[in-house]
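Next up, model.pdb (PDB, N, CA and C atoms):
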ATOM      1  N   MET Z   1       3.422  -3.943 -13.063  1.00  0.00           N
ATOM      2  CA  MET Z   1       2.939  -3.419 -11.797  1.00  0.00           C
ATOM      3  C   MET Z   1       3.516  -2.035 -11.524  1.00  0.00           C
ATOM      4  N   SER Z   2       4.550  -1.649 -12.238  1.00  0.00           N
ATOM      5  CA  SER Z   2       5.208  -0.375 -11.947  1.00  0.00           C
ATOM      6  C   SER Z   2       4.278   0.816 -12.107  1.00  0.00           C
ATOM      7  N   ASN Z   3       3.244   0.707 -12.961  1.00  0.00           N
ATOM      8  CA  ASN Z   3       2.309   1.821 -13.082  1.00  0.00           C
ATOM      9  C   ASN Z   3       1.350   1.888 -11.900  1.00  0.00           C
ATOM     10  N   ASN Z   4       1.441   0.935 -10.993  1.00  0.00           N
ATOM     11  CA  ASN Z   4       0.619   0.937  -9.784  1.00  0.00           C
ATOM     12  C   ASN Z   4       1.365   1.495  -8.582  1.00  0.00           C
ATOM     13  N   ILE Z   5       2.605   1.912  -8.797  1.00  0.00           N
ATOM     14  CA  ILE Z   5       3.420   2.505  -7.739  1.00  0.00           C
ATOM     15  C   ILE Z   5       3.971   3.831  -8.234  1.00  0.00           C
ATOM     16  N   ALA Z   6       3.736   4.878  -7.447  1.00  0.00           N
ATOM     17  CA  ALA Z   6       4.285   6.196  -7.773  1.00  0.00           C
ATOM     18  C   ALA Z   6       5.041   6.709  -6.555  1.00  0.00           C
ATOM     19  N   VAL Z   7       6.320   6.980  -6.741  1.00  0.00           N
ATOM     20  CA  VAL Z   7       7.174   7.462  -5.657  1.00  0.00           C
ATOM     21  C   VAL Z   7       7.379   8.960  -5.818  1.00  0.00           C
ATOM     22  N   ASN Z   8       7.257   9.680  -4.702  1.00  0.00           N
ATOM     23  CA  ASN Z   8       7.602  11.104  -4.699  1.00  0.00           C
ATOM     24  C   ASN Z   8       8.445  11.389  -3.455  1.00  0.00           C
ATOM     25  N   ARG Z   9       8.750  12.646  -3.222  1.00  0.00           N
ATOM     26  CA  ARG Z   9       9.637  13.000  -2.100  1.00  0.00           C
ATOM     27  C   ARG Z   9       9.084  12.578  -0.750  1.00  0.00           C
ATOM     28  N   GLU Z  10       7.777  12.654  -0.583  1.00  0.00           N
ATOM     29  CA  GLU Z  10       7.177  12.390   0.730  1.00  0.00           C
ATOM     30  C   GLU Z  10       6.872  10.925   0.992  1.00  0.00           C
ATOM     31  N   GLY Z  11       6.593  10.166  -0.066  1.00  0.00           N
ATOM     32  CA  GLY Z  11       6.189   8.792   0.162  1.00  0.00           C
ATOM     33  C   GLY Z  11       5.909   8.054  -1.124  1.00  0.00           C
ATOM     34  N   VAL Z  12       5.063   7.046  -1.019  1.00  0.00           N
ATOM     35  CA  VAL Z  12       4.738   6.210  -2.170  1.00  0.00           C
ATOM     36  C   VAL Z  12       3.224   6.050  -2.237  1.00  0.00           C
ATOM     37  N   THR Z  13       2.686   6.133  -3.464  1.00  0.00           N
ATOM     38  CA  THR Z  13       1.259   5.958  -3.699  1.00  0.00           C
ATOM     39  C   THR Z  13       1.059   4.658  -4.463  1.00  0.00           C
ATOM     40  N   LEU Z  14       0.129   3.846  -3.991  1.00  0.00           N
ATOM     41  CA  LEU Z  14      -0.142   2.539  -4.583  1.00  0.00           C
ATOM     42  C   LEU Z  14      -1.579   2.474  -5.070  1.00  0.00           C
ATOM     43  N   LYS Z  15      -1.785   1.821  -6.202  1.00  0.00           N
ATOM     44  CA  LYS Z  15      -3.130   1.568  -6.713  1.00  0.00           C
ATOM     45  C   LYS Z  15      -3.353   0.068  -6.739  1.00  0.00           C
ATOM     46  N   LEU Z  16      -4.406  -0.384  -6.040  1.00  0.00           N
ATOM     47  CA  LEU Z  16      -4.735  -1.802  -5.978  1.00  0.00           C
ATOM     48  C   LEU Z  16      -6.145  -1.991  -6.527  1.00  0.00           C
ATOM     49  N   ASN Z  17      -6.284  -2.728  -7.605  1.00  0.00           N
ATOM     50  CA  ASN Z  17      -7.558  -2.952  -8.267  1.00  0.00           C
ATOM     51  C   ASN Z  17      -8.546  -3.629  -7.316  1.00  0.00           C
ATOM     52  N   LYS Z  18      -9.736  -3.030  -7.173  1.00  0.00           N
ATOM     53  CA  LYS Z  18     -10.748  -3.566  -6.254  1.00  0.00           C
ATOM     54  C   LYS Z  18     -11.261  -4.927  -6.688  1.00  0.00           C
ATOM     55  N   ASP Z  19     -11.156  -5.256  -7.982  1.00  0.00           N
ATOM     56  CA  ASP Z  19     -11.627  -6.550  -8.475  1.00  0.00           C
ATOM     57  C   ASP Z  19     -10.649  -7.677  -8.147  1.00  0.00           C
ATOM     58  N   ILE Z  20      -9.435  -7.318  -7.786  1.00  0.00           N
ATOM     59  CA  ILE Z  20      -8.400  -8.319  -7.508  1.00  0.00           C
ATOM     60  C   ILE Z  20      -8.090  -8.415  -6.016  1.00  0.00           C
ATOM     61  N   TYR Z  21      -7.921  -7.274  -5.373  1.00  0.00           N
ATOM     62  CA  TYR Z  21      -7.482  -7.239  -3.977  1.00  0.00           C
ATOM     63  C   TYR Z  21      -8.678  -7.156  -3.029  1.00  0.00           C
ATOM     64  N   LEU Z  22      -8.681  -7.987  -2.009  1.00  0.00           N
ATOM     65  CA  LEU Z  22      -9.764  -8.005  -1.029  1.00  0.00           C
ATOM     66  C   LEU Z  22      -9.680  -6.791  -0.111  1.00  0.00           C
ATOM     67  N   LYS Z  23     -10.837  -6.188   0.140  1.00  0.00           N
ATOM     68  CA  LYS Z  23     -10.900  -5.012   1.010  1.00  0.00           C
ATOM     69  C   LYS Z  23     -10.307  -5.323   2.385  1.00  0.00           C
ATOM     70  N   LYS Z  24     -10.675  -6.470   2.938  1.00  0.00           N
ATOM     71  CA  LYS Z  24     -10.185  -6.849   4.267  1.00  0.00           C
ATOM     72  C   LYS Z  24      -8.661  -6.933   4.283  1.00  0.00           C
ATOM     73  N   ALA Z  25      -8.074  -7.486   3.226  1.00  0.00           N
ATOM     74  CA  ALA Z  25      -6.616  -7.618   3.153  1.00  0.00           C
ATOM     75  C   ALA Z  25      -5.946  -6.252   3.072  1.00  0.00           C
ATOM     76  N   VAL Z  26      -6.525  -5.346   2.295  1.00  0.00           N
ATOM     77  CA  VAL Z  26      -5.964  -3.999   2.173  1.00  0.00           C
ATOM     78  C   VAL Z  26      -6.048  -3.276   3.516  1.00  0.00           C
ATOM     79  N   LEU Z  27      -7.189  -3.400   4.190  1.00  0.00           N
ATOM     80  CA  LEU Z  27      -7.351  -2.745   5.490  1.00  0.00           C
ATOM     81  C   LEU Z  27      -6.371  -3.293   6.526  1.00  0.00           C
ATOM     82  N   LEU Z  28      -6.194  -4.606   6.546  1.00  0.00           N
ATOM     83  CA  LEU Z  28      -5.252  -5.205   7.499  1.00  0.00           C
ATOM     84  C   LEU Z  28      -3.816  -4.777   7.200  1.00  0.00           C
ATOM     85  N   ALA Z  29      -3.473  -4.676   5.929  1.00  0.00           N
ATOM     86  CA  ALA Z  29      -2.128  -4.220   5.559  1.00  0.00           C
ATOM     87  C   ALA Z  29      -1.927  -2.765   5.965  1.00  0.00           C
ATOM     88  N   CYS Z  30      -2.944  -1.939   5.760  1.00  0.00           N
ATOM     89  CA  CYS Z  30      -2.849  -0.532   6.169  1.00  0.00           C
ATOM     90  C   CYS Z  30      -2.621  -0.433   7.670  1.00  0.00           C
ATOM     91  N   GLU Z  31      -3.334  -1.252   8.415  1.00  0.00           N
ATOM     92  CA  GLU Z  31      -3.176  -1.257   9.873  1.00  0.00           C
ATOM     93  C   GLU Z  31      -1.758  -1.676  10.263  1.00  0.00           C
ATOM     94  N   ALA Z  32      -1.245  -2.712   9.620  1.00  0.00           N
ATOM     95  CA  ALA Z  32       0.096  -3.204   9.944  1.00  0.00           C
ATOM     96  C   ALA Z  32       1.172  -2.180   9.584  1.00  0.00           C
ATOM     97  N   PHE Z  33       1.021  -1.512   8.451  1.00  0.00           N
ATOM     98  CA  PHE Z  33       2.027  -0.538   8.023  1.00  0.00           C
ATOM     99  C   PHE Z  33       1.882   0.783   8.769  1.00  0.00           C
ATOM    100  N   GLY Z  34       0.783   0.957   9.499  1.00  0.00           N
ATOM    101  CA  GLY Z  34       0.551   2.181  10.246  1.00  0.00           C
ATOM    102  C   GLY Z  34       1.526   2.413  11.380  1.00  0.00           C
ATOM    103  N   GLU Z  35       2.218   1.380  11.787  1.00  0.00           N
ATOM    104  CA  GLU Z  35       3.203   1.546  12.856  1.00  0.00           C
ATOM    105  C   GLU Z  35       4.416   2.346  12.375  1.00  0.00           C
ATOM    106  N   GLY Z  36       4.824   2.126  11.133  1.00  0.00           N
ATOM    107  CA  GLY Z  36       6.007   2.804  10.616  1.00  0.00           C
ATOM    108  C   GLY Z  36       5.730   3.902   9.608  1.00  0.00           C
ATOM    109  N   CYS Z  37       4.461   4.020   9.204  1.00  0.00           N
ATOM    110  CA  CYS Z  37       4.091   5.001   8.177  1.00  0.00           C
ATOM    111  C   CYS Z  37       2.770   5.668   8.536  1.00  0.00           C
ATOM    112  N   TRP Z  38       2.596   6.875   8.024  1.00  0.00           N
ATOM    113  CA  TRP Z  38       1.269   7.452   8.003  1.00  0.00           C
ATOM    114  C   TRP Z  38       0.600   6.862   6.775  1.00  0.00           C
ATOM    115  N   VAL Z  39      -0.630   6.400   6.930  1.00  0.00           N
ATOM    116  CA  VAL Z  39      -1.319   5.700   5.853  1.00  0.00           C
ATOM    117  C   VAL Z  39      -2.603   6.442   5.518  1.00  0.00           C
ATOM    118  N   ASN Z  40      -2.808   6.678   4.229  1.00  0.00           N
ATOM    119  CA  ASN Z  40      -4.042   7.291   3.748  1.00  0.00           C
ATOM    120  C   ASN Z  40      -4.647   6.334   2.741  1.00  0.00           C
ATOM    121  N   LEU Z  41      -5.880   5.905   2.986  1.00  0.00           N
ATOM    122  CA  LEU Z  41      -6.577   4.975   2.099  1.00  0.00           C
ATOM    123  C   LEU Z  41      -7.799   5.661   1.524  1.00  0.00           C
ATOM    124  N   SER Z  42      -7.960   5.564   0.211  1.00  0.00           N
ATOM    125  CA  SER Z  42      -9.147   6.091  -0.454  1.00  0.00           C
ATOM    126  C   SER Z  42      -9.482   5.174  -1.623  1.00  0.00           C
ATOM    127  N   ILE Z  43     -10.616   5.438  -2.249  1.00  0.00           N
ATOM    128  CA  ILE Z  43     -11.020   4.689  -3.439  1.00  0.00           C
ATOM    129  C   ILE Z  43     -11.094   5.672  -4.592  1.00  0.00           C
ATOM    130  N   GLN Z  44     -10.448   5.304  -5.702  1.00  0.00           N
ATOM    131  CA  GLN Z  44     -10.391   6.195  -6.852  1.00  0.00           C
ATOM    132  C   GLN Z  44     -10.351   5.352  -8.126  1.00  0.00           C
ATOM    133  N   ASP Z  45     -11.274   5.600  -9.035  1.00  0.00           N
ATOM    134  CA  ASP Z  45     -11.298   4.921 -10.338  1.00  0.00           C
ATOM    135  C   ASP Z  45     -11.270   3.399 -10.217  1.00  0.00           C
ATOM    136  N   GLY Z  46     -12.091   2.847  -9.342  1.00  0.00           N
ATOM    137  CA  GLY Z  46     -12.183   1.399  -9.200  1.00  0.00           C
ATOM    138  C   GLY Z  46     -10.988   0.741  -8.544  1.00  0.00           C
ATOM    139  N   ALA Z  47     -10.204   1.538  -7.820  1.00  0.00           N
ATOM    140  CA  ALA Z  47      -9.015   0.985  -7.163  1.00  0.00           C
ATOM    141  C   ALA Z  47      -8.872   1.568  -5.766  1.00  0.00           C
ATOM    142  N   TYR Z  48      -8.271   0.764  -4.886  1.00  0.00           N
ATOM    143  CA  TYR Z  48      -7.877   1.299  -3.588  1.00  0.00           C
ATOM    144  C   TYR Z  48      -6.623   2.128  -3.831  1.00  0.00           C
ATOM    145  N   ARG Z  49      -6.592   3.313  -3.291  1.00  0.00           N
ATOM    146  CA  ARG Z  49      -5.422   4.190  -3.413  1.00  0.00           C
ATOM    147  C   ARG Z  49      -4.831   4.317  -2.017  1.00  0.00           C
ATOM    148  N   VAL Z  50      -3.623   3.826  -1.851  1.00  0.00           N
ATOM    149  CA  VAL Z  50      -2.948   3.839  -0.556  1.00  0.00           C
ATOM    150  C   VAL Z  50      -1.720   4.736  -0.669  1.00  0.00           C
ATOM    151  N   VAL Z  51      -1.628   5.714   0.220  1.00  0.00           N
ATOM    152  CA  VAL Z  51      -0.454   6.575   0.280  1.00  0.00           C
ATOM    153  C   VAL Z  51       0.276   6.259   1.578  1.00  0.00           C
ATOM    154  N   LEU Z  52       1.527   5.838   1.451  1.00  0.00           N
ATOM    155  CA  LEU Z  52       2.367   5.530   2.606  1.00  0.00           C
ATOM    156  C   LEU Z  52       3.425   6.614   2.735  1.00  0.00           C
ATOM    157  N   THR Z  53       3.439   7.275   3.875  1.00  0.00           N
ATOM    158  CA  THR Z  53       4.452   8.288   4.166  1.00  0.00           C
ATOM    159  C   THR Z  53       5.234   7.804   5.381  1.00  0.00           C
ATOM    160  N   PRO Z  54       6.479   7.382   5.180  1.00  0.00           N
ATOM    161  CA  PRO Z  54       7.263   6.848   6.299  1.00  0.00           C
ATOM    162  C   PRO Z  54       7.454   7.872   7.417  1.00  0.00           C
ATOM    163  N   LYS Z  55       7.427   7.388   8.644  1.00  0.00           N
ATOM    164  CA  LYS Z  55       7.654   8.252   9.803  1.00  0.00           C
ATOM    165  C   LYS Z  55       9.139   8.533  10.002  1.00  0.00           C
ATOM    166  N   GLN Z  56      10.003   7.746   9.376  1.00  0.00           N
ATOM    167  CA  GLN Z  56      11.447   7.996   9.442  1.00  0.00           C
ATOM    168  C   GLN Z  56      11.973   8.182   8.025  1.00  0.00           C
ATOM    169  N   ARG Z  57      13.021   8.937   7.910  1.00  0.00           N
ATOM    170  CA  ARG Z  57      13.614   9.210   6.598  1.00  0.00           C
ATOM    171  C   ARG Z  57      14.585   8.101   6.198  1.00  0.00           C
ATOM    172  N   GLY Z  58      14.899   8.094   4.915  1.00  0.00           N
ATOM    173  CA  GLY Z  58      15.939   7.209   4.428  1.00  0.00           C
ATOM    174  C   GLY Z  58      15.478   5.847   3.943  1.00  0.00           C
ATOM    175  N   LEU Z  59      14.179   5.593   3.939  1.00  0.00           N
ATOM    176  CA  LEU Z  59      13.694   4.304   3.463  1.00  0.00           C
ATOM    177  C   LEU Z  59      13.632   4.294   1.939  1.00  0.00           C
ATOM    178  N   ASN Z  60      13.813   3.134   1.354  1.00  0.00           N
ATOM    179  CA  ASN Z  60      13.635   2.960  -0.082  1.00  0.00           C
ATOM    180  C   ASN Z  60      12.130   2.893  -0.334  1.00  0.00           C
ATOM    181  N   LEU Z  61      11.571   3.955  -0.901  1.00  0.00           N
ATOM    182  CA  LEU Z  61      10.123   4.065  -1.031  1.00  0.00           C
ATOM    183  C   LEU Z  61       9.545   3.069  -2.026  1.00  0.00           C
ATOM    184  N   GLU Z  62      10.257   2.807  -3.104  1.00  0.00           N
ATOM    185  CA  GLU Z  62       9.770   1.820  -4.068  1.00  0.00           C
ATOM    186  C   GLU Z  62       9.705   0.437  -3.416  1.00  0.00           C
ATOM    187  N   LYS Z  63      10.736   0.096  -2.670  1.00  0.00           N
ATOM    188  CA  LYS Z  63      10.760  -1.184  -1.953  1.00  0.00           C
ATOM    189  C   LYS Z  63       9.610  -1.255  -0.948  1.00  0.00           C
ATOM    190  N   LEU Z  64       9.356  -0.157  -0.257  1.00  0.00           N
ATOM    191  CA  LEU Z  64       8.246  -0.097   0.691  1.00  0.00           C
ATOM    192  C   LEU Z  64       6.925  -0.403  -0.010  1.00  0.00           C
ATOM    193  N   GLY Z  65       6.739   0.171  -1.191  1.00  0.00           N
ATOM    194  CA  GLY Z  65       5.521  -0.078  -1.959  1.00  0.00           C
ATOM    195  C   GLY Z  65       5.359  -1.538  -2.325  1.00  0.00           C
ATOM    196  N   TYR Z  66       6.430  -2.150  -2.817  1.00  0.00           N
ATOM    197  CA  TYR Z  66       6.362  -3.566  -3.171  1.00  0.00           C
ATOM    198  C   TYR Z  66       6.151  -4.443  -1.939  1.00  0.00           C
ATOM    199  N   GLU Z  67       6.718  -4.061  -0.815  1.00  0.00           N
ATOM    200  CA  GLU Z  67       6.489  -4.808   0.425  1.00  0.00           C
ATOM    201  C   GLU Z  67       5.018  -4.748   0.823  1.00  0.00           C
ATOM    202  N   PHE Z  68       4.385  -3.596   0.601  1.00  0.00           N
ATOM    203  CA  PHE Z  68       2.964  -3.472   0.910  1.00  0.00           C
ATOM    204  C   PHE Z  68       2.154  -4.424   0.027  1.00  0.00           C
ATOM    205  N   PHE Z  69       2.428  -4.418  -1.285  1.00  0.00           N
ATOM    206  CA  PHE Z  69       1.729  -5.336  -2.188  1.00  0.00           C
ATOM    207  C   PHE Z  69       1.913  -6.782  -1.733  1.00  0.00           C
ATOM    208  N   ASN Z  70       3.132  -7.175  -1.413  1.00  0.00           N
ATOM    209  CA  ASN Z  70       3.399  -8.544  -0.969  1.00  0.00           C
ATOM    210  C   ASN Z  70       2.665  -8.870   0.327  1.00  0.00           C
ATOM    211  N   TYR Z  71       2.590  -7.905   1.221  1.00  0.00           N
ATOM    212  CA  TYR Z  71       1.892  -8.110   2.487  1.00  0.00           C
ATOM    213  C   TYR Z  71       0.407  -8.370   2.230  1.00  0.00           C
ATOM    214  N   VAL Z  72      -0.182  -7.580   1.351  1.00  0.00           N
ATOM    215  CA  VAL Z  72      -1.597  -7.770   1.009  1.00  0.00           C
ATOM    216  C   VAL Z  72      -1.811  -9.162   0.415  1.00  0.00           C
ATOM    217  N   LEU Z  73      -0.953  -9.561  -0.513  1.00  0.00           N
ATOM    218  CA  LEU Z  73      -1.086 -10.886  -1.125  1.00  0.00           C
ATOM    219  C   LEU Z  73      -0.939 -11.996  -0.089  1.00  0.00           C
ATOM    220  N   GLY Z  74      -0.029 -11.823   0.853  1.00  0.00           N
ATOM    221  CA  GLY Z  74       0.141 -12.802   1.918  1.00  0.00           C
ATOM    222  C   GLY Z  74      -1.109 -12.942   2.768  1.00  0.00           C
ATOM    223  N   ILE Z  75      -1.740 -11.823   3.065  1.00  0.00           N
ATOM    224  CA  ILE Z  75      -2.990 -11.863   3.834  1.00  0.00           C
ATOM    225  C   ILE Z  75      -4.066 -12.587   3.041  1.00  0.00           C
ATOM    226  N   MET Z  76      -4.145 -12.304   1.743  1.00  0.00           N
ATOM    227  CA  MET Z  76      -5.178 -12.921   0.914  1.00  0.00           C
ATOM    228  C   MET Z  76      -5.027 -14.437   0.857  1.00  0.00           C
ATOM    229  N   GLN Z  77      -3.815 -14.936   0.941  1.00  0.00           N
ATOM    230  CA  GLN Z  77      -3.596 -16.386   0.938  1.00  0.00           C
ATOM    231  C   GLN Z  77      -4.106 -17.030   2.219  1.00  0.00           C
ATOM    232  N   ASN Z  78      -4.157 -16.251   3.289  1.00  0.00           N
ATOM    233  CA  ASN Z  78      -4.551 -16.796   4.588  1.00  0.00           C
ATOM    234  C   ASN Z  78      -5.978 -16.465   4.981  1.00  0.00           C
ATOM    235  N   VAL Z  79      -6.706 -15.767   4.119  1.00  0.00           N
ATOM    236  CA  VAL Z  79      -8.087 -15.380   4.453  1.00  0.00           C
ATOM    237  C   VAL Z  79      -9.047 -16.411   3.923  1.00  0.00           C
TER     238      VAL Z  79
END
If you took the structure in this file and wrote it as structure tokens, what would it be?
Amino acid sequence: MSNNIAVNREGVTLKLNKDIYLKKAVLLACEAFGEGCWVNLSIQDGAYRVVLTPKQRGLNLEKLGYEFFNYVLGIMQNV
């Protein structure tokens, strides 16, 4: 999964395969993470591309990315 997470100085970029992840789950996760991050969602090469830029400094960006993936999976279990 590490090739689906890219960390840079400003934030973390995630790639979620459209064939695996439900659109509704990705949208709900983006909404939930929008409280603490600026969220940019696009579609690129058959995947949802989510860029999370934290509104506060000092967060572990890789951990933030994995938390987003886990949040999406949690939503998918309940949909």
If you run DSSP on the backbone here, which positions in chain Z get helix (DSSP H, G or I)? Please write them as a PyMOL selection string. chain Z and resi 2-4+23-33+61-78
5 Å contact set for stretch 10-19 of chain Z, only N, CA and C atoms, chain neighbours under 4 positions out, as an mmCIF file with N, CA and C atoms, keeping the file's coordinate frame:
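That gives us result_35.cif:
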data_model
loop_
_atom_site.group_PDB
_atom_site.id
_atom_site.type_symbol
_atom_site.label_atom_id
_atom_site.label_comp_id
_atom_site.auth_asym_id
_atom_site.auth_seq_id
_atom_site.Cartn_x
_atom_site.Cartn_y
_atom_site.Cartn_z
ATOM 1 N N ASN Z 4 1.441 0.935 -10.993
ATOM 2 C CA ASN Z 4 0.619 0.937 -9.784
ATOM 3 C C ASN Z 4 1.365 1.495 -8.582
ATOM 4 N N ILE Z 5 2.605 1.912 -8.797
ATOM 5 C CA ILE Z 5 3.420 2.505 -7.739
ATOM 6 C C ILE Z 5 3.971 3.831 -8.234
ATOM 7 N N ALA Z 6 3.736 4.878 -7.447
ATOM 8 C CA ALA Z 6 4.285 6.196 -7.773
ATOM 9 C C ALA Z 6 5.041 6.709 -6.555
ATOM 10 N N GLY Z 46 -12.091 2.847 -9.342
ATOM 11 C CA GLY Z 46 -12.183 1.399 -9.200
ATOM 12 C C GLY Z 46 -10.988 0.741 -8.544
ATOM 13 N N ALA Z 47 -10.204 1.538 -7.820
ATOM 14 C CA ALA Z 47 -9.015 0.985 -7.163
ATOM 15 C C ALA Z 47 -8.872 1.568 -5.766
ATOM 16 N N TYR Z 48 -8.271 0.764 -4.886
ATOM 17 C CA TYR Z 48 -7.877 1.299 -3.588
ATOM 18 C C TYR Z 48 -6.623 2.128 -3.831
ATOM 19 N N ARG Z 49 -6.592 3.313 -3.291
ATOM 20 C CA ARG Z 49 -5.422 4.190 -3.413
ATOM 21 C C ARG Z 49 -4.831 4.317 -2.017
ATOM 22 N N VAL Z 50 -3.623 3.826 -1.851
ATOM 23 C CA VAL Z 50 -2.948 3.839 -0.556
ATOM 24 C C VAL Z 50 -1.720 4.736 -0.669
ATOM 25 N N VAL Z 51 -1.628 5.714 0.220
ATOM 26 C CA VAL Z 51 -0.454 6.575 0.280
ATOM 27 C C VAL Z 51 0.276 6.259 1.578
ATOM 28 N N LEU Z 52 1.527 5.838 1.451
ATOM 29 C CA LEU Z 52 2.367 5.530 2.606
ATOM 30 C C LEU Z 52 3.425 6.614 2.735
ATOM 31 N N THR Z 53 3.439 7.275 3.875
ATOM 32 C CA THR Z 53 4.452 8.288 4.166
ATOM 33 C C THR Z 53 5.234 7.804 5.381
#
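Here the PyMOL selection byres (((chain Z and resi 30 and name CA) around 9) and name CA) captures the residues Ala25, Val26, Leu27, Leu28, Ala29, Glu31, Ala32, Phe33, Gly34, Val39, Asn40, Leu41, Val50, Leu52, Phe68 and Val72 of chain Z.
We find atom CA of Z:Asn70 and atom CA of Z:Arg57 to be spaced 21.8 Å apart.
For chain Z, backbone-based DSSP labels the following residues as strand (DSSP E or B): Ile5, Ala6, Val7, Val12, Thr13, Leu14, Lys15, Leu16, Asn17, Cys37, Trp38, Val39, Asn40, Leu41, Ser42, Ile43, Gln44, Ala47, Tyr48, Arg49, Val50, Val51, Leu52, Thr53 and Pro54 of chain Z.
Considering the residues Z:Val79, Z:Val7, Z:Lys24, Z:Asp45 and counting only C-alpha atoms, Z:Leu64 has its shortest atom-to-atom contact with Z:Val7.
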Each side padded by 5 Å, which centre and which edge lengths in Å (one decimal) define the axis-aligned box around the listed atoms of stretch 51-66 of chain Z? Give them as lines of an AutoDock Vina configuration file.
center_x = 7.2
center_y = 2.4
center_z = 3.0
size_x = 27.6
size_y = 23.7
size_z = 24.1
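In terms of minimum interatomic distance to Z:Pro54, Z:Trp38 ranks closest within Z:Trp38, Z:Tyr71, Z:Tyr21, Z:Asn8, counting only N, CA and C atoms.
Counting from atom CA of Z:Lys55, the distance to atom CA of Z:Arg9 is 13.0 Å.
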Of the listed residues Z:Asn60, Z:Asn3, Z:Gly36, Z:Leu22, that which approaches Z:Asn78 most closely, counting only C-alpha atoms: Z:Leu22
Atom CA of Z:Glu67 to atom CA of Z:Glu35, straight-line distance in Å: 14.3 Å
Take stretch 25-69 of chain Z from the preceding structure and save C-alpha atoms as an mmCIF file, in the first residue's frame.
data_model
loop_
_atom_site.group_PDB
_atom_site.id
_atom_site.type_symbol
_atom_site.label_atom_id
_atom_site.label_comp_id
_atom_site.auth_asym_id
_atom_site.auth_seq_id
_atom_site.Cartn_x
_atom_site.Cartn_y
_atom_site.Cartn_z
ATOM 1 C CA ALA Z 25 -17.156 6.031 1.320
ATOM 2 C CA VAL Z 26 -14.398 8.211 -0.141
ATOM 3 C CA LEU Z 27 -16.690 11.252 -0.188
ATOM 4 C CA LEU Z 28 -17.791 10.699 3.414
ATOM 5 C CA ALA Z 29 -14.171 10.307 4.527
ATOM 6 C CA CYS Z 30 -13.213 13.516 2.714
ATOM 7 C CA GLU Z 31 -16.032 15.310 4.499
ATOM 8 C CA ALA Z 32 -14.966 13.948 7.891
ATOM 9 C CA PHE Z 33 -11.293 14.830 7.383
ATOM 10 C CA GLY Z 34 -12.262 18.299 6.143
ATOM 11 C CA GLU Z 35 -12.502 19.549 9.697
ATOM 12 C CA GLY Z 36 -8.768 19.168 10.305
ATOM 13 C CA CYS Z 37 -7.416 19.250 6.754
ATOM 14 C CA TRP Z 38 -7.894 20.947 3.454
ATOM 15 C CA VAL Z 39 -9.049 18.154 1.159
ATOM 16 C CA ASN Z 40 -8.699 17.960 -2.611
ATOM 17 C CA LEU Z 41 -10.400 15.056 -4.393
ATOM 18 C CA SER Z 42 -9.911 14.215 -8.057
ATOM 19 C CA ILE Z 43 -9.939 11.179 -10.330
ATOM 20 C CA GLN Z 44 -6.730 10.180 -12.068
ATOM 21 C CA ASP Z 45 -5.784 6.951 -13.879
ATOM 22 C CA GLY Z 46 -8.736 4.940 -12.566
ATOM 23 C CA ALA Z 47 -8.196 6.010 -8.971
ATOM 24 C CA TYR Z 48 -9.516 8.562 -6.540
ATOM 25 C CA ARG Z 49 -6.687 10.969 -5.751
ATOM 26 C CA VAL Z 50 -7.052 12.590 -2.339
ATOM 27 C CA VAL Z 51 -4.677 15.299 -1.144
ATOM 28 C CA LEU Z 52 -4.836 16.057 2.579
ATOM 29 C CA THR Z 53 -3.149 19.233 3.784
ATOM 30 C CA PRO Z 54 -3.387 19.564 7.573
ATOM 31 C CA LYS Z 55 -4.605 22.889 8.936
ATOM 32 C CA GLN Z 56 -2.131 22.569 11.827
ATOM 33 C CA ARG Z 57 1.552 21.751 11.675
ATOM 34 C CA GLY Z 58 3.368 18.892 13.302
ATOM 35 C CA LEU Z 59 1.147 15.977 12.312
ATOM 36 C CA ASN Z 60 2.627 12.681 11.164
ATOM 37 C CA LEU Z 61 1.540 12.827 7.523
ATOM 38 C CA GLU Z 62 2.090 9.152 6.760
ATOM 39 C CA LYS Z 63 -0.034 8.217 9.775
ATOM 40 C CA LEU Z 64 -2.701 10.669 8.604
ATOM 41 C CA GLY Z 65 -2.780 8.917 5.231
ATOM 42 C CA TYR Z 66 -3.198 5.483 6.771
ATOM 43 C CA GLU Z 67 -5.917 6.823 9.075
ATOM 44 C CA PHE Z 68 -7.776 8.063 6.000
ATOM 45 C CA PHE Z 69 -7.558 4.617 4.363
#
